[in-house]
$ cat entry_19.pdb   # PDB, C-alpha atoms
ATOM      1  CA  MET A   1      14.601 -11.327   0.078
ATOM      2  CA  ALA A   2      18.263 -11.711   0.966
ATOM      3  CA  ALA A   3      20.546  -8.709   1.112
ATOM      4  CA  MET A   4      22.412  -8.107  -2.106
ATOM      5  CA  LYS A   5      26.110  -7.465  -2.572
ATOM      6  CA  SER A   6      27.523  -4.569  -0.656
ATOM      7  CA  PHE A   7      27.292  -1.234  -2.397
ATOM      8  CA  ARG A   8      27.926   2.373  -1.455
ATOM      9  CA  TYR A   9      25.531   5.288  -1.451
ATOM     10  CA  HIS A  10      25.123   8.681   0.175
ATOM     11  CA  ILE A  11      22.107  10.689   1.338
ATOM     12  CA  ARG A  12      21.428  14.169  -0.015
ATOM     13  CA  GLU A  13      18.571  16.510  -0.847
ATOM     14  CA  MET A  14      16.722  15.989  -4.118
ATOM     15  CA  ARG A  15      17.732  18.294  -6.980
ATOM     16  CA  ARG A  16      15.972  19.233 -10.207
ATOM     17  CA  GLU A  17      18.018  16.698 -12.183
ATOM     18  CA  ASP A  18      16.639  13.921  -9.935
ATOM     19  CA  LEU A  19      12.956  14.538 -10.741
ATOM     20  CA  GLU A  20      12.556  11.892 -13.453
ATOM     21  CA  GLU A  21      14.317   9.225 -11.398
ATOM     22  CA  VAL A  22      12.430  10.085  -8.202
ATOM     23  CA  THR A  23       9.153   9.929 -10.141
ATOM     24  CA  ALA A  24      10.160   6.506 -11.514
ATOM     25  CA  LEU A  25      11.043   5.310  -7.988
ATOM     26  CA  GLU A  26       7.645   6.462  -6.738
ATOM     27  CA  ALA A  27       5.869   4.649  -9.604
ATOM     28  CA  ALA A  28       7.797   1.448  -8.856
ATOM     29  CA  CYS A  29       6.916   1.522  -5.144
ATOM     30  CA  PHE A  30       3.360   2.857  -4.894
ATOM     31  CA  SER A  31       0.051   1.977  -6.540
ATOM     32  CA  LEU A  32      -1.065   5.625  -6.563
ATOM     33  CA  PRO A  33       2.269   7.427  -7.062
ATOM     34  CA  TRP A  34       3.039  11.105  -6.950
ATOM     35  CA  LYS A  35       3.710  12.655 -10.351
ATOM     36  CA  TYR A  36       6.672  14.644 -11.685
ATOM     37  CA  ARG A  37       4.961  17.989 -11.019
ATOM     38  CA  ASP A  38       4.287  16.971  -7.386
ATOM     39  CA  PHE A  39       8.001  16.427  -6.782
ATOM     40  CA  GLU A  40       8.862  19.538  -8.776
ATOM     41  CA  GLU A  41       6.750  21.546  -6.304
ATOM     42  CA  VAL A  42       8.807  20.139  -3.409
ATOM     43  CA  LEU A  43      11.882  21.935  -4.788
ATOM     44  CA  THR A  44      10.273  25.362  -4.287
ATOM     45  CA  ASN A  45       8.318  24.721  -1.077
ATOM     46  CA  PRO A  46      10.305  25.919   1.955
ATOM     47  CA  ASP A  47       8.291  23.598   4.226
ATOM     48  CA  ARG A  48       9.143  20.437   2.284
ATOM     49  CA  CYS A  49      12.295  18.451   1.766
ATOM     50  CA  TYR A  50      12.876  15.192  -0.112
ATOM     51  CA  LEU A  51      16.040  13.210   0.553
ATOM     52  CA  VAL A  52      17.477  10.650  -1.848
ATOM     53  CA  ALA A  53      19.864   7.756  -1.409
ATOM     54  CA  GLU A  54      22.191   8.122  -4.392
ATOM     55  CA  ALA A  55      24.520   5.319  -5.468
ATOM     56  CA  ASP A  56      28.160   6.352  -5.369
ATOM     57  CA  SER A  57      28.543   4.665  -8.746
ATOM     58  CA  VAL A  58      26.261   2.924 -11.210
ATOM     59  CA  THR A  59      27.362  -0.704 -11.643
ATOM     60  CA  ALA A  60      25.928  -4.051 -12.689
ATOM     61  CA  ASP A  61      24.894  -4.577  -9.048
ATOM     62  CA  THR A  62      23.440  -1.078  -8.693
ATOM     63  CA  PRO A  63      22.112  -0.030 -12.121
ATOM     64  CA  ASP A  64      20.061   2.840 -10.654
ATOM     65  CA  ARG A  65      21.472   6.189  -9.563
ATOM     66  CA  ILE A  66      18.634   6.902  -7.098
ATOM     67  CA  LEU A  67      18.059   3.876  -4.835
ATOM     68  CA  GLY A  68      15.476   5.306  -2.460
ATOM     69  CA  GLY A  69      14.137   8.414  -0.806
ATOM     70  CA  CYS A  70      11.589  10.008   1.501
ATOM     71  CA  MET A  71       9.930  13.337   2.177
ATOM     72  CA  LEU A  72       9.379  15.624   5.137
ATOM     73  CA  THR A  73       6.685  18.288   5.333
ATOM     74  CA  HIS A  74       6.931  20.855   8.127
ATOM     75  CA  ILE A  75       3.414  21.655   9.378
ATOM     76  CA  ALA A  76       2.812  23.926  12.374
ATOM     77  CA  GLY A  77       6.007  22.859  14.153
ATOM     78  CA  GLU A  78       5.581  19.144  13.479
ATOM     79  CA  GLY A  79       7.000  16.879  10.806
ATOM     80  CA  ASP A  80       4.932  14.721   8.455
ATOM     81  CA  ILE A  81       6.974  11.948   6.849
ATOM     82  CA  SER A  82       5.759  10.508   3.556
ATOM     83  CA  ASN A  83       6.797   8.872   0.304
ATOM     84  CA  VAL A  84       9.310   6.524   1.952
ATOM     85  CA  ALA A  85      10.461   4.422  -0.991
ATOM     86  CA  VAL A  86      13.300   2.034  -1.847
ATOM     87  CA  TYR A  87      13.466  -0.021  -5.026
ATOM     88  CA  GLU A  88      12.633  -3.623  -4.151
ATOM     89  CA  ARG A  89      16.012  -4.887  -5.430
ATOM     90  CA  TYR A  90      17.832  -2.696  -2.844
ATOM     91  CA  ARG A  91      15.640  -3.416   0.183
ATOM     92  CA  ASN A  92      17.059  -5.064   3.307
ATOM     93  CA  ASN A  93      20.292  -3.110   2.992
ATOM     94  CA  GLY A  94      19.519  -0.335   5.480
ATOM     95  CA  ILE A  95      18.685   2.327   2.898
ATOM     96  CA  ALA A  96      15.264   3.218   4.304
ATOM     97  CA  ALA A  97      16.715   3.390   7.821
ATOM     98  CA  SER A  98      19.554   5.656   6.645
ATOM     99  CA  VAL A  99      17.268   8.018   4.741
ATOM    100  CA  LEU A 100      14.755   8.158   7.596
ATOM    101  CA  SER A 101      17.486   8.886  10.138
ATOM    102  CA  ALA A 102      18.890  11.667   7.939
ATOM    103  CA  LEU A 103      15.392  13.095   7.465
ATOM    104  CA  LEU A 104      14.765  13.197  11.224
ATOM    105  CA  ARG A 105      18.096  15.008  11.761
ATOM    106  CA  LEU A 106      17.316  17.466   8.971
ATOM    107  CA  GLY A 107      13.880  18.188  10.442
ATOM    108  CA  GLU A 108      15.373  19.001  13.819
ATOM    109  CA  GLU A 109      18.243  21.093  12.407
ATOM    110  CA  ARG A 110      16.307  23.030   9.755
ATOM    111  CA  TYR A 111      12.894  23.428  11.365
ATOM    112  CA  GLY A 112      13.389  22.601  15.063
ATOM    113  CA  ILE A 113      10.975  19.666  14.754
ATOM    114  CA  THR A 114      10.793  17.262  17.690
ATOM    115  CA  ALA A 115       7.466  15.526  16.917
ATOM    116  CA  TYR A 116       6.822  13.529  13.747
ATOM    117  CA  THR A 117       3.891  11.637  12.289
ATOM    118  CA  LEU A 118       3.376   9.290   9.359
ATOM    119  CA  GLU A 119       0.862   6.830   7.944
ATOM    120  CA  VAL A 120       1.791   3.323   6.894
ATOM    121  CA  ARG A 121      -0.211   0.462   5.408
ATOM    122  CA  SER A 122      -1.373  -1.859   8.181
ATOM    123  CA  ARG A 123      -0.041  -4.865   6.223
ATOM    124  CA  ASN A 124       3.411  -3.333   5.628
ATOM    125  CA  ILE A 125       5.085  -5.059   8.560
ATOM    126  CA  PRO A 126       8.721  -4.334   7.514
ATOM    127  CA  ALA A 127       7.984  -0.588   7.317
ATOM    128  CA  ARG A 128       6.124  -0.621  10.634
ATOM    129  CA  ARG A 129       9.103  -2.359  12.281
ATOM    130  CA  LEU A 130      11.483   0.239  10.816
ATOM    131  CA  TYR A 131       9.385   3.081  12.223
ATOM    132  CA  GLU A 132       9.063   1.391  15.618
ATOM    133  CA  LYS A 133      12.877   0.981  15.762
ATOM    134  CA  ASN A 134      13.058   4.751  15.207
ATOM    135  CA  GLY A 135      10.768   5.571  18.118
ATOM    136  CA  PHE A 136       7.406   5.749  16.331
ATOM    137  CA  VAL A 137       4.359   4.319  18.084
ATOM    138  CA  SER A 138       0.910   3.525  16.735
ATOM    139  CA  ARG A 139      -1.678   6.116  17.753
ATOM    140  CA  GLY A 140      -4.659   5.172  15.611
ATOM    141  CA  VAL A 141      -6.027   3.752  12.380
ATOM    142  CA  ARG A 142      -7.614   5.349   9.319
ATOM    143  CA  PRO A 143      -9.885   2.587   7.950
ATOM    144  CA  GLY A 144      -9.767   2.113   4.164
ATOM    145  CA  PHE A 145      -7.218   4.938   3.709
ATOM    146  CA  TYR A 146      -5.282   3.146   0.956
ATOM    147  CA  GLN A 147      -6.516   1.765  -2.350
ATOM    148  CA  LYS A 148      -4.924  -0.622  -4.862
ATOM    149  CA  PRO A 149      -5.013  -2.734  -2.724
ATOM    150  CA  GLU A 150      -7.386  -1.457  -0.080
ATOM    151  CA  ASP A 151      -5.815  -1.287   3.347
ATOM    152  CA  ASP A 152      -6.055   0.660   6.579
ATOM    153  CA  ALA A 153      -3.467   3.290   7.506
ATOM    154  CA  VAL A 154      -1.759   2.974  10.846
ATOM    155  CA  ILE A 155      -1.067   6.466  12.198
ATOM    156  CA  MET A 156       2.293   6.563  13.952
ATOM    157  CA  TRP A 157       3.845   9.318  16.063
ATOM    158  CA  ARG A 158       7.317  10.019  17.390
ATOM    159  CA  ALA A 159       7.710  12.697  20.055
TER     160      ALA A 159
END
$ encode --input "entry_19.pdb" --output "structure tokens"
Amino acid sequence: MAAMKSFRYHIREMRREDLEEVTALEAACFSLPWKYRDFEEVLTNPDRCYLVAEADSVTADTPDRILGGCMLTHIAGEGDISNVAVYERYRNNGIAASVLSALLRLGEERYGITAYTLEVRSRNIPARRLYEKNGFVSRGVRPGFYQKPEDDAVIMWRA
């Protein structure tokens, strides 16, 4: 998919008014998506943070306010990254890289995290490349971890 016209966005923490749009983003990107109440819980959990990429303005080229996002969970001094999502129509524009980079900075600043882990579908080569560019390396496989469609999870770490 070719990059679309240039558009502007900024990265910020999810707020209560974002819950419906974040839930819709999740449903558009994942076969077994998190629900509204799952994201609602993130707002009150001091060990979790969800960042969104918000369009600076809604236009014909960018009809969505929330373009992408991802979550960090602080567990025993380490960071677990999950729910990395960007609407398909906005992919290949650096949004996932920007949100991931902001999430890594936030983890270090807020929690002092220096080691991160995540799981990614073995067949999701663009995501795996993004994580590798950000210093993640494969450290194992969870066979049959994903359903709809079935796929293995590649466990990646960044220290």
$ resolve_selection --input "entry_19.pdb" --expression "the PyMOL selection byres ((chain A and resi 21) around 10)" --output "ChimeraX atom specification"
/A:17-20,22-27,36,64-68
$ residues_around --input "entry_19.pdb" --residues "Ile95 in chain A" --least-positions-apart "3" --cutoff "9 Å" --atoms "only C-alpha atoms" --output "list of chain:residue names"
A:Tyr9, A:Ala53, A:Leu67, A:Gly68, A:Gly69, A:Val86, A:Tyr90, A:Arg91, A:Asn92, A:Ser98, A:Val99, A:Leu100
$ write_last_selection --input "entry_19.pdb" --atoms "C-alpha atoms" --output "PDB file, in the frame of the given file"
ATOM      1  CA  TYR A   9      25.531   5.288  -1.451  1.00  0.00           C
ATOM      2  CA  ALA A  53      19.864   7.756  -1.409  1.00  0.00           C
ATOM      3  CA  LEU A  67      18.059   3.876  -4.835  1.00  0.00           C
ATOM      4  CA  GLY A  68      15.476   5.306  -2.460  1.00  0.00           C
ATOM      5  CA  GLY A  69      14.137   8.414  -0.806  1.00  0.00           C
ATOM      6  CA  VAL A  86      13.300   2.034  -1.847  1.00  0.00           C
ATOM      7  CA  TYR A  90      17.832  -2.696  -2.844  1.00  0.00           C
ATOM      8  CA  ARG A  91      15.640  -3.416   0.183  1.00  0.00           C
ATOM      9  CA  ASN A  92      17.059  -5.064   3.307  1.00  0.00           C
ATOM     10  CA  SER A  98      19.554   5.656   6.645  1.00  0.00           C
ATOM     11  CA  VAL A  99      17.268   8.018   4.741  1.00  0.00           C
ATOM     12  CA  LEU A 100      14.755   8.158   7.596  1.00  0.00           C
TER      13      LEU A 100
END
$ atom_distance --input "entry_19.pdb" --atom1 "CA of Leu51 in chain A" --atom2 "CA of Glu13 in chain A"
4.4 Å
$ closest_atom_pairs --input "entry_19.pdb" --of "range 2-48 of chain A" --to "range 103-124 of chain A" --cutoff "10 Å" --atoms "only C-alpha atoms" --output "CSV"
residue,atom,partner,partner_atom,distance
A:Ile11,CA,A:Leu103,CA,9.4
A:Arg12,CA,A:Leu103,CA,9.7
A:Glu13,CA,A:Leu103,CA,9.5
A:Asp47,CA,A:Tyr111,CA,8.5
A:Arg48,CA,A:Gly107,CA,9.7
$ write_last_selection --input "entry_19.pdb" --atoms "C-alpha atoms" --output "PDB file, keeping the file's coordinate frame"
ATOM      1  CA  ILE A  11      22.107  10.689   1.338  1.00  0.00           C
ATOM      2  CA  ARG A  12      21.428  14.169  -0.015  1.00  0.00           C
ATOM      3  CA  GLU A  13      18.571  16.510  -0.847  1.00  0.00           C
ATOM      4  CA  ASP A  47       8.291  23.598   4.226  1.00  0.00           C
ATOM      5  CA  ARG A  48       9.143  20.437   2.284  1.00  0.00           C
TER       6      ARG A  48
END
$ closest_residue --input "entry_19.pdb" --among "A:Val52, A:Glu88, A:Ser31, A:Asn45" --to "His74 in chain A" --atoms "only C-alpha atoms"
A:Asn45
